[in-house]
$ cat entry.txt   # compact mmCIF, C-alpha atoms and all ligand atoms
# COMPACT_ATOMS: atom_id res chain seq x y z
CA MET A 119 -1.61 94.34 76.54
CA PHE A 120 -0.34 95.36 79.91
CA LYS A 121 -2.24 98.31 81.38
CA MET A 122 -0.26 100.40 83.85
CA VAL A 123 -3.07 102.34 85.46
CA GLU A 124 -4.89 99.28 86.66
CA VAL A 125 -2.03 97.91 88.72
CA ALA A 126 -2.21 100.70 91.31
CA ALA A 127 -6.01 100.47 91.45
CA ASN A 128 -5.94 96.69 91.76
CA LEU A 129 -3.39 96.86 94.55
CA LYS A 130 -5.59 99.27 96.45
CA VAL A 131 -8.56 96.92 96.19
CA ILE A 132 -6.50 93.91 97.29
CA ARG A 133 -5.05 95.78 100.27
CA GLU A 134 -8.53 96.77 101.41
CA LYS A 135 -9.75 93.19 101.08
CA ILE A 136 -6.76 92.01 103.11
CA ILE A 137 -7.64 94.42 105.93
CA GLN A 138 -11.27 93.31 105.89
CA ALA A 139 -10.35 89.63 105.89
CA SER A 140 -7.84 90.19 108.72
CA ALA A 141 -10.63 91.51 110.92
CA LYS A 142 -12.41 88.16 110.61
CA ARG A 143 -9.55 86.03 111.97
CA LEU A 144 -9.65 84.14 115.21
CA PRO A 145 -7.61 85.99 117.86
CA GLU A 146 -5.07 83.14 118.01
CA PHE A 147 -4.18 83.79 114.37
CA SER A 148 -3.92 87.55 114.55
CA SER A 149 -0.29 87.86 115.62
CA PHE A 150 0.81 88.68 112.06
CA GLU A 151 -0.20 91.53 109.76
CA PRO A 152 -0.78 89.54 106.59
CA ALA A 153 1.85 90.39 104.00
CA LEU A 154 1.02 90.79 100.34
CA VAL A 155 3.47 89.28 97.88
CA ALA A 156 2.79 90.51 94.35
CA VAL A 157 3.46 87.64 91.96
CA SER A 158 4.88 89.20 88.81
CA LYS A 159 5.78 86.03 86.89
CA ILE A 160 5.45 86.28 83.12
CA LYS A 161 4.73 90.01 83.49
CA PRO A 162 7.20 92.64 82.25
CA ALA A 163 9.57 94.65 84.44
CA GLU A 164 7.27 97.64 83.89
CA ALA A 165 4.60 95.84 85.89
CA VAL A 166 7.00 95.58 88.83
CA LEU A 167 7.98 99.26 88.52
CA GLU A 168 4.35 100.26 88.49
CA ALA A 169 3.43 98.22 91.54
CA TYR A 170 6.52 99.44 93.37
CA ALA A 171 5.57 103.04 92.62
CA ALA A 172 2.19 102.24 94.16
CA GLY A 173 3.91 101.21 97.40
CA GLN A 174 4.29 97.45 96.87
CA ARG A 175 7.59 96.07 98.21
CA HIS A 176 7.31 92.26 98.26
CA PHE A 177 7.35 90.50 94.90
CA GLY A 178 7.27 86.82 94.04
CA GLU A 179 8.71 85.00 91.04
CA ASN A 180 8.70 81.29 90.38
CA TYR A 181 11.02 80.82 87.42
CA VAL A 182 14.72 81.17 88.22
CA ASN A 183 15.75 82.80 84.95
CA GLU A 184 12.92 85.28 85.09
CA LEU A 185 13.76 86.23 88.66
CA VAL A 186 17.42 86.72 87.71
CA GLU A 187 16.47 88.85 84.72
CA LYS A 188 13.92 91.05 86.46
CA SER A 189 15.94 91.55 89.63
CA SER A 190 18.92 92.73 87.54
CA ASN A 191 16.86 94.98 85.29
CA PRO A 192 18.63 98.39 85.41
CA LYS A 193 15.42 100.31 86.01
CA ILE A 194 14.37 98.03 88.83
CA LEU A 195 17.81 98.25 90.43
CA GLU A 196 17.70 102.01 90.15
CA GLN A 197 14.09 102.74 91.11
CA CYS A 198 13.26 99.90 93.49
CA LYS A 199 15.96 100.00 96.15
CA ASP A 200 13.76 98.43 98.84
CA ILE A 201 12.29 95.68 96.71
CA ARG A 202 12.07 92.29 98.41
CA TRP A 203 12.11 89.29 96.13
CA HIS A 204 10.49 86.03 97.16
CA PHE A 205 11.36 82.90 95.25
CA ILE A 206 8.17 80.82 95.13
CA GLY A 207 8.94 78.23 92.44
CA HIS A 208 10.49 74.82 92.46
CA LEU A 209 14.21 75.12 93.11
CA GLN A 210 16.62 72.58 91.70
CA ARG A 211 19.92 72.29 93.52
CA ASN A 212 21.91 73.21 90.42
CA LYS A 213 20.10 76.59 90.35
CA VAL A 214 20.81 77.49 93.97
CA ASN A 215 23.69 79.84 93.13
CA LYS A 216 21.61 81.68 90.55
CA VAL A 217 18.86 82.40 93.04
CA LEU A 218 21.21 83.33 95.87
CA GLY A 219 22.97 85.82 93.60
CA VAL A 220 19.75 87.80 93.15
CA THR A 221 20.04 91.40 94.35
CA ASN A 222 17.50 92.05 97.10
CA LEU A 223 16.56 88.42 97.51
CA TYR A 224 14.37 88.35 100.62
CA LEU A 225 12.98 84.86 101.09
CA VAL A 226 13.09 81.42 99.49
CA GLU A 227 9.62 79.98 100.16
CA THR A 228 10.10 76.58 98.57
CA VAL A 229 12.56 74.51 100.56
CA ASP A 230 11.20 70.98 100.28
CA SER A 231 14.09 68.66 101.14
CA GLU A 232 17.03 68.39 103.51
CA LYS A 233 19.38 68.30 100.53
CA LEU A 234 18.06 71.59 99.20
CA ALA A 235 18.20 73.17 102.67
CA SER A 236 21.82 72.07 103.06
CA ALA A 237 22.73 73.29 99.58
CA LEU A 238 21.30 76.74 100.38
CA ASP A 239 23.02 76.72 103.76
CA ASN A 240 26.39 75.84 102.26
CA ALA A 241 26.16 78.38 99.46
CA TRP A 242 24.78 81.39 101.34
CA PRO A 243 28.13 82.60 102.86
CA LYS A 244 29.40 83.27 99.30
CA PHE A 245 26.52 85.63 98.61
CA ARG A 246 25.44 87.39 101.80
CA ASN A 247 26.34 91.03 102.44
CA SER A 248 27.32 90.73 106.06
CA SER A 249 28.86 87.82 107.89
CA ASP A 250 25.92 87.32 110.23
CA SER A 251 22.99 87.74 107.86
CA LYS A 252 20.95 84.59 107.49
CA LEU A 253 18.96 83.54 104.45
CA LYS A 254 15.24 83.55 105.19
CA ILE A 255 13.50 80.39 104.08
CA MET A 256 10.14 78.69 104.31
CA VAL A 257 9.45 74.99 104.10
CA GLN A 258 7.03 74.09 101.31
CA VAL A 259 4.48 71.44 102.19
CA ASN A 260 2.52 69.39 99.67
CA THR A 261 -0.80 69.55 101.48
CA SER A 262 -2.88 68.32 98.55
CA LYS A 263 -0.73 65.21 98.12
CA GLU A 264 -0.88 65.62 94.35
CA ASN A 265 2.09 63.99 92.69
CA GLU A 266 2.81 66.89 90.36
CA LYS A 267 3.02 69.34 93.27
CA ASN A 268 6.31 69.98 94.98
CA GLY A 269 6.81 70.25 98.69
CA CYS A 270 7.57 67.79 101.43
CA GLU A 271 4.90 65.50 102.82
CA VAL A 272 2.93 66.86 105.76
CA GLU A 273 4.39 64.10 107.95
CA GLU A 274 7.95 65.02 106.94
CA ALA A 275 7.65 68.70 107.82
CA PRO A 276 8.77 68.47 111.47
CA SER A 277 11.95 66.60 110.61
CA LEU A 278 12.77 68.95 107.73
CA VAL A 279 12.27 72.00 109.95
CA LYS A 280 14.39 70.31 112.62
CA HIS A 281 17.15 69.81 110.06
CA VAL A 282 17.03 73.51 109.17
CA LEU A 283 17.09 74.61 112.80
CA GLU A 284 19.82 72.24 113.91
CA ASN A 285 22.08 71.82 110.91
CA CYS A 286 21.67 74.92 108.76
CA LYS A 287 23.16 77.77 110.74
CA ASN A 288 23.05 80.15 107.78
CA LEU A 289 19.30 79.75 107.30
CA GLU A 290 16.50 81.47 109.20
CA PHE A 291 13.31 79.42 109.33
CA MET A 292 10.33 81.73 108.77
CA GLY A 293 7.38 79.42 108.29
CA LEU A 294 5.47 77.02 106.11
CA MET A 295 4.16 77.49 102.58
CA THR A 296 1.65 75.61 100.47
CA ILE A 297 0.18 75.99 97.02
CA GLY A 298 -2.71 73.58 97.41
CA GLN A 299 -5.22 72.25 94.98
CA TYR A 300 -6.33 74.63 92.21
CA GLY A 301 -9.91 75.67 91.84
CA TYR A 302 -11.17 74.60 95.26
CA ASP A 303 -14.73 75.83 95.81
CA VAL A 304 -14.90 77.71 99.11
CA LEU A 305 -18.66 77.13 99.27
CA LYS A 306 -17.79 73.57 100.26
CA GLY A 307 -16.24 74.86 103.49
CA PRO A 308 -12.73 75.74 104.62
CA ASN A 309 -10.07 74.76 102.10
CA PRO A 310 -8.61 71.43 103.32
CA ASP A 311 -5.13 72.46 102.13
CA PHE A 312 -5.17 75.50 104.35
CA LEU A 313 -6.48 73.50 107.30
CA SER A 314 -3.77 70.97 106.66
CA LEU A 315 -1.02 73.62 106.71
CA ILE A 316 -2.42 75.07 109.94
CA GLU A 317 -2.40 71.59 111.48
CA CYS A 318 1.10 71.01 110.14
CA ARG A 319 2.31 74.16 111.91
CA LYS A 320 0.74 72.93 115.13
CA ASN A 321 2.62 69.64 114.85
CA VAL A 322 5.91 71.28 113.92
CA CYS A 323 5.64 73.68 116.86
CA HIS A 324 4.61 70.94 119.26
CA GLU A 325 7.41 68.57 118.23
CA LEU A 326 10.13 71.20 118.15
CA GLY A 327 9.00 73.42 121.00
CA LEU A 328 8.42 76.48 118.79
CA ASP A 329 5.95 79.27 119.41
CA MET A 330 3.25 79.39 116.70
CA LYS A 331 3.50 83.16 116.77
CA ASN A 332 6.95 82.86 115.23
CA VAL A 333 6.00 80.51 112.42
CA GLU A 334 4.35 82.15 109.42
CA LEU A 335 1.97 80.56 106.95
CA SER A 336 2.25 81.47 103.26
CA MET A 337 -1.01 80.40 101.66
CA GLY A 338 -3.67 81.96 99.45
CA MET A 339 -3.59 83.32 95.89
CA SER A 340 -5.87 85.52 93.74
CA SER A 341 -8.87 83.24 93.95
CA ASP A 342 -8.75 82.56 97.67
CA PHE A 343 -6.49 84.97 99.53
CA GLU A 344 -9.30 86.41 101.66
CA HIS A 345 -10.40 82.94 102.67
CA ALA A 346 -6.77 82.04 103.48
CA ILE A 347 -6.36 85.13 105.66
CA GLU A 348 -9.59 84.46 107.52
CA LEU A 349 -8.19 81.01 108.34
CA GLY A 350 -4.85 82.42 109.53
CA SER A 351 -2.54 82.99 106.56
CA SER A 352 0.20 85.48 107.28
CA SER A 353 1.38 85.93 103.70
CA VAL A 354 -0.66 85.77 100.51
CA ARG A 355 0.80 85.47 97.01
CA VAL A 356 -1.38 87.35 94.55
CA GLY A 357 -0.63 87.57 90.83
CA SER A 358 -3.43 87.84 88.31
CA SER A 359 -5.70 90.00 90.48
CA ILE A 360 -2.98 92.65 90.50
CA PHE A 361 -1.33 92.31 87.11
CA GLY A 362 -4.11 90.77 85.02
CA GLU A 363 -4.53 87.29 83.64
CA ARG A 364 -1.41 85.51 82.41
CA PRO A 365 -1.33 83.84 79.04
CA THR A 366 -1.62 80.11 79.61
CA LYS A 367 1.76 78.45 79.24
CA THR A 368 2.06 76.02 76.38
C1 LIG B 401 1.44 81.98 90.09
C2 LIG B 401 1.55 81.74 91.54
C3 LIG B 401 0.79 82.51 92.45
C4 LIG B 401 -0.18 83.57 92.05
O1 LIG B 401 -1.29 83.06 91.41
P1 LIG B 401 -2.55 83.96 90.99
O2 LIG B 401 -3.64 83.01 90.90
O3 LIG B 401 -2.20 84.63 89.72
O4 LIG B 401 -2.76 84.94 92.09
C5 LIG B 401 0.97 82.22 93.80
N1 LIG B 401 1.83 81.27 94.23
C6 LIG B 401 2.56 80.53 93.38
C7 LIG B 401 3.49 79.51 93.92
C8 LIG B 401 2.43 80.74 92.01
O5 LIG B 401 3.17 80.00 91.18
$ encode --input "entry.txt" --output "structure tokens" --more "lines below"
Ligand SMILES: *Cc1c(COP(=O)(O)O)cnc(C)c1O
Amino acid sequence: MFKMVEVAANLKVIREKIIQASAKRLPEFSSFEPALVAVSKIKPAEAVLEAYAAGQRHFGENYVNELVEKSSNPKILEQCKDIRWHFIGHLQRNKVNKVLGVTNLYLVETVDSEKLASALDNAWPKFRNSSDSKLKIMVQVNTSKENEKNGCEVEEAPSLVKHVLENCKNLEFMGLMTIGQYGYDVLKGPNPDFLSLIECRKNVCHELGLDMKNVELSMGMSSDFEHAIELGSSSVRVGSSIFGERPTKT
């Protein structure tokens, strides 16, 4: 059962941990206040309402239909005017219009190919509220090189970002995102996926002449968000530590 009371308490704990972890960063990584994206997938709309009432504004969903449903829930539309939805799942090109039609869509974190970037770029003018508003996107990188993970290869990231910057005038490049290997044991040292994303940003910035201060890193989840922040993450995606364990999908 979903317990309302705990959401606010959990959020408080996570926010405190984020502040503590932020204090341990190297100065070169401290240009961002790390953002907390509450991952509400598989959890009911009530969970979102509860977290929103506790001050949470950024929410992440990774199934298109669920994002569409929750974002159009009458109570959420009515009570959560400032909600900011992040799409963090794999996006197929035939679902682009569905995602772009989401009320209060804030950021698509999972752009992993030039074709997807171009599809988003072409479609966005039909959905945006004002003629100059760009769609915020991140490029997803498959740092763990696992076949079942989405994201572009580390080596491809500079050319994909270049494509976005040069050919997608309706998109605003915000940074790089990775999921990484599950269950990595931090006692073994810094998570290689996180190090790889940090290195990837360095290469992207070097090749394209960008300032690292303007390129965010979305990395870290319930099990490792503090570790990710200490290494320089600027946005963590936390689900089960806020909303409770999810039933395992069958
Ligand atoms: C589910 C999910 C999360 C959150 O995972 P937790 O371990 O529950 O914190 C973060 N990012 C992505 C892409 C996810 O699919």
$ residues_near_ligand --input "entry.txt" --ligand "ligand LIG 401 (chain B)" --cutoff "7 Å" --atoms "all atoms listed in the file" --output "NGL selection string"
:A and (157 or 159 or 180 or 206-207 or 297 or 339-341 or 355-359)
$ residues_around --input "entry.txt" --residues "stretch 285-288 of chain A" --least-positions-apart "6" --cutoff "10 Å" --atoms "all atoms listed in the file" --output "PDB file with C-alpha atoms, keeping the file's coordinate frame"
ATOM      1  CA  GLU A 232      17.030  68.390 103.510  1.00  0.00           C
ATOM      2  CA  ALA A 235      18.200  73.170 102.670  1.00  0.00           C
ATOM      3  CA  SER A 236      21.820  72.070 103.060  1.00  0.00           C
ATOM      4  CA  ALA A 237      22.730  73.290  99.580  1.00  0.00           C
ATOM      5  CA  LEU A 238      21.300  76.740 100.380  1.00  0.00           C
ATOM      6  CA  ASP A 239      23.020  76.720 103.760  1.00  0.00           C
ATOM      7  CA  ASN A 240      26.390  75.840 102.260  1.00  0.00           C
ATOM      8  CA  ALA A 241      26.160  78.380  99.460  1.00  0.00           C
ATOM      9  CA  TRP A 242      24.780  81.390 101.340  1.00  0.00           C
ATOM     10  CA  PRO A 243      28.130  82.600 102.860  1.00  0.00           C
ATOM     11  CA  ARG A 246      25.440  87.390 101.800  1.00  0.00           C
ATOM     12  CA  SER A 249      28.860  87.820 107.890  1.00  0.00           C
ATOM     13  CA  ASP A 250      25.920  87.320 110.230  1.00  0.00           C
ATOM     14  CA  SER A 251      22.990  87.740 107.860  1.00  0.00           C
ATOM     15  CA  LYS A 252      20.950  84.590 107.490  1.00  0.00           C
ATOM     16  CA  LEU A 253      18.960  83.540 104.450  1.00  0.00           C
ATOM     17  CA  LYS A 254      15.240  83.550 105.190  1.00  0.00           C
ATOM     18  CA  VAL A 279      12.270  72.000 109.950  1.00  0.00           C
TER      19      VAL A 279
END
$ residues_near_point --input "entry.txt" --point "(14.0, 87.9, 97.0)" --cutoff "6 Å" --atoms "only C-alpha atoms" --output "PDB file with C-alpha atoms, in the frame of the given file"
ATOM      1  CA  ARG A 202      12.070  92.290  98.410  1.00  0.00           C
ATOM      2  CA  TRP A 203      12.110  89.290  96.130  1.00  0.00           C
ATOM      3  CA  HIS A 204      10.490  86.030  97.160  1.00  0.00           C
ATOM      4  CA  PHE A 205      11.360  82.900  95.250  1.00  0.00           C
ATOM      5  CA  ASN A 222      17.500  92.050  97.100  1.00  0.00           C
ATOM      6  CA  LEU A 223      16.560  88.420  97.510  1.00  0.00           C
ATOM      7  CA  TYR A 224      14.370  88.350 100.620  1.00  0.00           C
ATOM      8  CA  LEU A 225      12.980  84.860 101.090  1.00  0.00           C
TER       9      LEU A 225
END
$ atom_distance --input "entry.txt" --atom1 "atom CA of A:Ile136" --atom2 "atom CA of A:His176"
14.9 Å
$ closest_residue --input "entry.txt" --among "A:Glu264, A:Glu146, A:Glu184, A:Glu227" --to "A:Ile316" --atoms "all atoms listed in the file"
A:Glu146
$ closest_residue --input "entry.txt" --among "A:Ser277, A:Ser351, A:Gln174, A:Asn309" --to "A:Cys323" --atoms "only C-alpha atoms"
A:Ser277
$ atom_distance --input "entry.txt" --atom1 "atom CA of A:Glu334" --atom2 "atom CA of A:Ser352"
5.7 Å
$ atom_distance --input "entry.txt" --atom1 "atom CA of A:Glu274" --atom2 "atom CA of A:Tyr302"
24.4 Å
$ residues_near_point --input "entry.txt" --point "(19.5, 84.7, 92.5)" --cutoff "10 Å" --atoms "all atoms listed in the file" --output "MDAnalysis selection string"
chainID A and resid 182:187 189:190 203 205 213:223 245
$ closest_residue --input "entry.txt" --among "A:Arg175, A:Lys142, A:Lys161, A:Lys331" --to "A:Leu129" --atoms "all atoms listed in the file"
A:Arg175
$ residues_around --input "entry.txt" --residues "A:Met337" --least-positions-apart "5" --cutoff "10 Å" --atoms "all atoms listed in the file" --output "PyMOL selection string"
chain A and resi 294-298+311-312+315-316+342-343+345-347+349-356
$ residues_around --input "entry.txt" --residues "A:Glu271" --least-positions-apart "2" --cutoff "8 Å" --atoms "only C-alpha atoms" --output "list in words"
Val259, Asn260, Thr261, Lys263, Gly269, Glu273, Glu274 and Ala275 of chain A
$ axis_aligned_box --input "entry.txt" --around "stretch 206-221 of chain A" --padding-each-side "6 Å" --output "lines of an AutoDock Vina configuration file"
center_x = 15.9
center_y = 81.8
center_z = 93.1
size_x = 27.5
size_y = 31.1
size_z = 17.5
$ closest_residue --input "entry.txt" --among "A:Glu124, A:Gln210, A:Pro152, A:Gly301" --to "A:Ile137" --atoms "all atoms listed in the file"
A:Pro152
$ closest_residue --input "entry.txt" --among "A:Gln258, A:Ser314, A:Ser248, A:Ser140" --to "A:Val229" --atoms "all atoms listed in the file"
A:Gln258
$ closest_residue --input "entry.txt" --among "A:Lys188, A:Ser262, A:Lys280, A:Pro365" --to "A:His324" --atoms "all atoms listed in the file"
A:Lys280
$ residues_around --input "entry.txt" --residues "stretch 168-171 of chain A" --least-positions-apart "3" --cutoff "12 Å" --atoms "all atoms listed in the file" --output "tab-separated table (two decimals) with C-alpha atoms, in the coordinates of the input"
chain	number	residue	atom	x	y	z
A	120	PHE	CA	-0.34	95.36	79.91
A	121	LYS	CA	-2.24	98.31	81.38
A	122	MET	CA	-0.26	100.40	83.85
A	123	VAL	CA	-3.07	102.34	85.46
A	124	GLU	CA	-4.89	99.28	86.66
A	125	VAL	CA	-2.03	97.91	88.72
A	126	ALA	CA	-2.21	100.70	91.31
A	127	ALA	CA	-6.01	100.47	91.45
A	128	ASN	CA	-5.94	96.69	91.76
A	129	LEU	CA	-3.39	96.86	94.55
A	130	LYS	CA	-5.59	99.27	96.45
A	154	LEU	CA	1.02	90.79	100.34
A	155	VAL	CA	3.47	89.28	97.88
A	156	ALA	CA	2.79	90.51	94.35
A	157	VAL	CA	3.46	87.64	91.96
A	158	SER	CA	4.88	89.20	88.81
A	161	LYS	CA	4.73	90.01	83.49
A	162	PRO	CA	7.20	92.64	82.25
A	163	ALA	CA	9.57	94.65	84.44
A	164	GLU	CA	7.27	97.64	83.89
A	165	ALA	CA	4.60	95.84	85.89
A	174	GLN	CA	4.29	97.45	96.87
A	175	ARG	CA	7.59	96.07	98.21
A	176	HIS	CA	7.31	92.26	98.26
A	177	PHE	CA	7.35	90.50	94.90
A	193	LYS	CA	15.42	100.31	86.01
A	194	ILE	CA	14.37	98.03	88.83
A	195	LEU	CA	17.81	98.25	90.43
A	196	GLU	CA	17.70	102.01	90.15
A	197	GLN	CA	14.09	102.74	91.11
A	198	CYS	CA	13.26	99.90	93.49
A	199	LYS	CA	15.96	100.00	96.15
A	200	ASP	CA	13.76	98.43	98.84
A	201	ILE	CA	12.29	95.68	96.71
A	202	ARG	CA	12.07	92.29	98.41
A	203	TRP	CA	12.11	89.29	96.13
A	357	GLY	CA	-0.63	87.57	90.83
A	360	ILE	CA	-2.98	92.65	90.50
A	361	PHE	CA	-1.33	92.31	87.11
$ build_atoms --input "entry.txt" --residues "stretch 202-212 of chain A" --atoms "all heavy atoms" --output "tab-separated table (two decimals), keeping the file's coordinate frame"
chain	number	residue	atom	x	y	z
A	202	ARG	N	11.77	93.54	97.71
A	202	ARG	CA	12.07	92.29	98.41
A	202	ARG	C	11.56	91.13	97.58
A	202	ARG	O	10.35	90.92	97.48
A	202	ARG	CB	11.40	92.31	99.79
A	202	ARG	CG	12.03	93.36	100.65
A	202	ARG	CD	11.25	93.67	101.88
A	202	ARG	NE	12.08	94.51	102.74
A	202	ARG	CZ	12.00	94.55	104.05
A	202	ARG	NH1	11.15	93.80	104.69
A	202	ARG	NH2	12.78	95.36	104.74
A	203	TRP	N	12.48	90.40	97.00
A	203	TRP	CA	12.11	89.29	96.13
A	203	TRP	C	11.88	88.00	96.91
A	203	TRP	O	12.69	87.61	97.74
A	203	TRP	CB	13.20	89.03	95.08
A	203	TRP	CG	13.33	90.11	94.06
A	203	TRP	CD1	14.35	91.02	93.96
A	203	TRP	CD2	12.44	90.39	92.97
A	203	TRP	NE1	14.14	91.85	92.88
A	203	TRP	CE2	12.98	91.48	92.26
A	203	TRP	CE3	11.24	89.82	92.52
A	203	TRP	CZ2	12.36	92.03	91.13
A	203	TRP	CZ3	10.62	90.36	91.40
A	203	TRP	CH2	11.17	91.44	90.72
A	204	HIS	N	10.77	87.35	96.60
A	204	HIS	CA	10.49	86.03	97.16
A	204	HIS	C	10.62	85.02	96.02
A	204	HIS	O	10.02	85.23	94.96
A	204	HIS	CB	9.04	85.94	97.66
A	204	HIS	CG	8.74	86.81	98.85
A	204	HIS	ND1	8.09	86.32	99.95
A	204	HIS	CD2	9.01	88.12	99.10
A	204	HIS	CE1	7.95	87.29	100.84
A	204	HIS	NE2	8.48	88.41	100.35
A	205	PHE	N	11.36	83.97	96.24
A	205	PHE	CA	11.36	82.90	95.25
A	205	PHE	C	10.30	81.90	95.66
A	205	PHE	O	10.33	81.35	96.77
A	205	PHE	CB	12.74	82.23	95.11
A	205	PHE	CG	12.73	81.22	94.00
A	205	PHE	CD1	12.63	81.64	92.68
A	205	PHE	CD2	12.73	79.86	94.27
A	205	PHE	CE1	12.56	80.72	91.65
A	205	PHE	CE2	12.65	78.93	93.24
A	205	PHE	CZ	12.57	79.36	91.93
A	206	ILE	N	9.33	81.66	94.77
A	206	ILE	CA	8.17	80.82	95.13
A	206	ILE	C	8.01	79.62	94.19
A	206	ILE	O	6.98	78.95	94.20
A	206	ILE	CB	6.87	81.64	95.14
A	206	ILE	CG1	6.59	82.27	93.77
A	206	ILE	CG2	6.92	82.74	96.21
A	206	ILE	CD1	5.21	82.93	93.67
A	207	GLY	N	9.04	79.35	93.38
A	207	GLY	CA	8.94	78.23	92.44
A	207	GLY	C	9.76	77.04	92.91
A	207	GLY	O	10.46	77.09	93.93
A	208	HIS	N	9.69	75.99	92.14
A	208	HIS	CA	10.49	74.82	92.46
A	208	HIS	C	11.96	75.12	92.24
A	208	HIS	O	12.34	75.65	91.19
A	208	HIS	CB	10.04	73.64	91.59
A	208	HIS	CG	10.82	72.40	91.87
A	208	HIS	ND1	10.93	71.86	93.14
A	208	HIS	CD2	11.55	71.60	91.05
A	208	HIS	CE1	11.68	70.78	93.08
A	208	HIS	NE2	12.07	70.60	91.84
A	209	LEU	N	12.78	74.81	93.22
A	209	LEU	CA	14.21	75.12	93.11
A	209	LEU	C	15.02	73.84	93.00
A	209	LEU	O	15.02	73.01	93.91
A	209	LEU	CB	14.65	75.94	94.34
A	209	LEU	CG	16.10	76.41	94.36
A	209	LEU	CD1	16.49	77.15	93.08
A	209	LEU	CD2	16.34	77.30	95.58
A	210	GLN	N	15.71	73.72	91.86
A	210	GLN	CA	16.62	72.58	91.70
A	210	GLN	C	17.97	72.96	92.29
A	210	GLN	O	18.36	74.12	92.24
A	210	GLN	CB	16.78	72.26	90.22
A	210	GLN	CG	15.52	71.65	89.62
A	210	GLN	CD	15.58	71.66	88.11
A	210	GLN	OE1	15.90	72.68	87.49
A	210	GLN	NE2	15.27	70.53	87.50
A	211	ARG	N	18.66	71.97	92.82
A	211	ARG	CA	19.92	72.29	93.52
A	211	ARG	C	20.96	72.93	92.60
A	211	ARG	O	21.74	73.75	93.03
A	211	ARG	CB	20.48	71.05	94.20
A	211	ARG	CG	19.92	70.90	95.62
A	211	ARG	CD	20.49	69.71	96.30
A	211	ARG	NE	19.94	68.47	95.71
A	211	ARG	CZ	20.57	67.33	95.65
A	211	ARG	NH1	21.81	67.23	96.11
A	211	ARG	NH2	19.99	66.27	95.12
A	212	ASN	N	20.92	72.60	91.32
A	212	ASN	CA	21.91	73.21	90.42
A	212	ASN	C	21.59	74.68	90.09
A	212	ASN	O	22.36	75.34	89.41
A	212	ASN	CB	22.08	72.38	89.14
A	212	ASN	CG	20.79	72.27	88.33
A	212	ASN	OD1	19.78	72.88	88.69
A	212	ASN	ND2	20.82	71.49	87.27
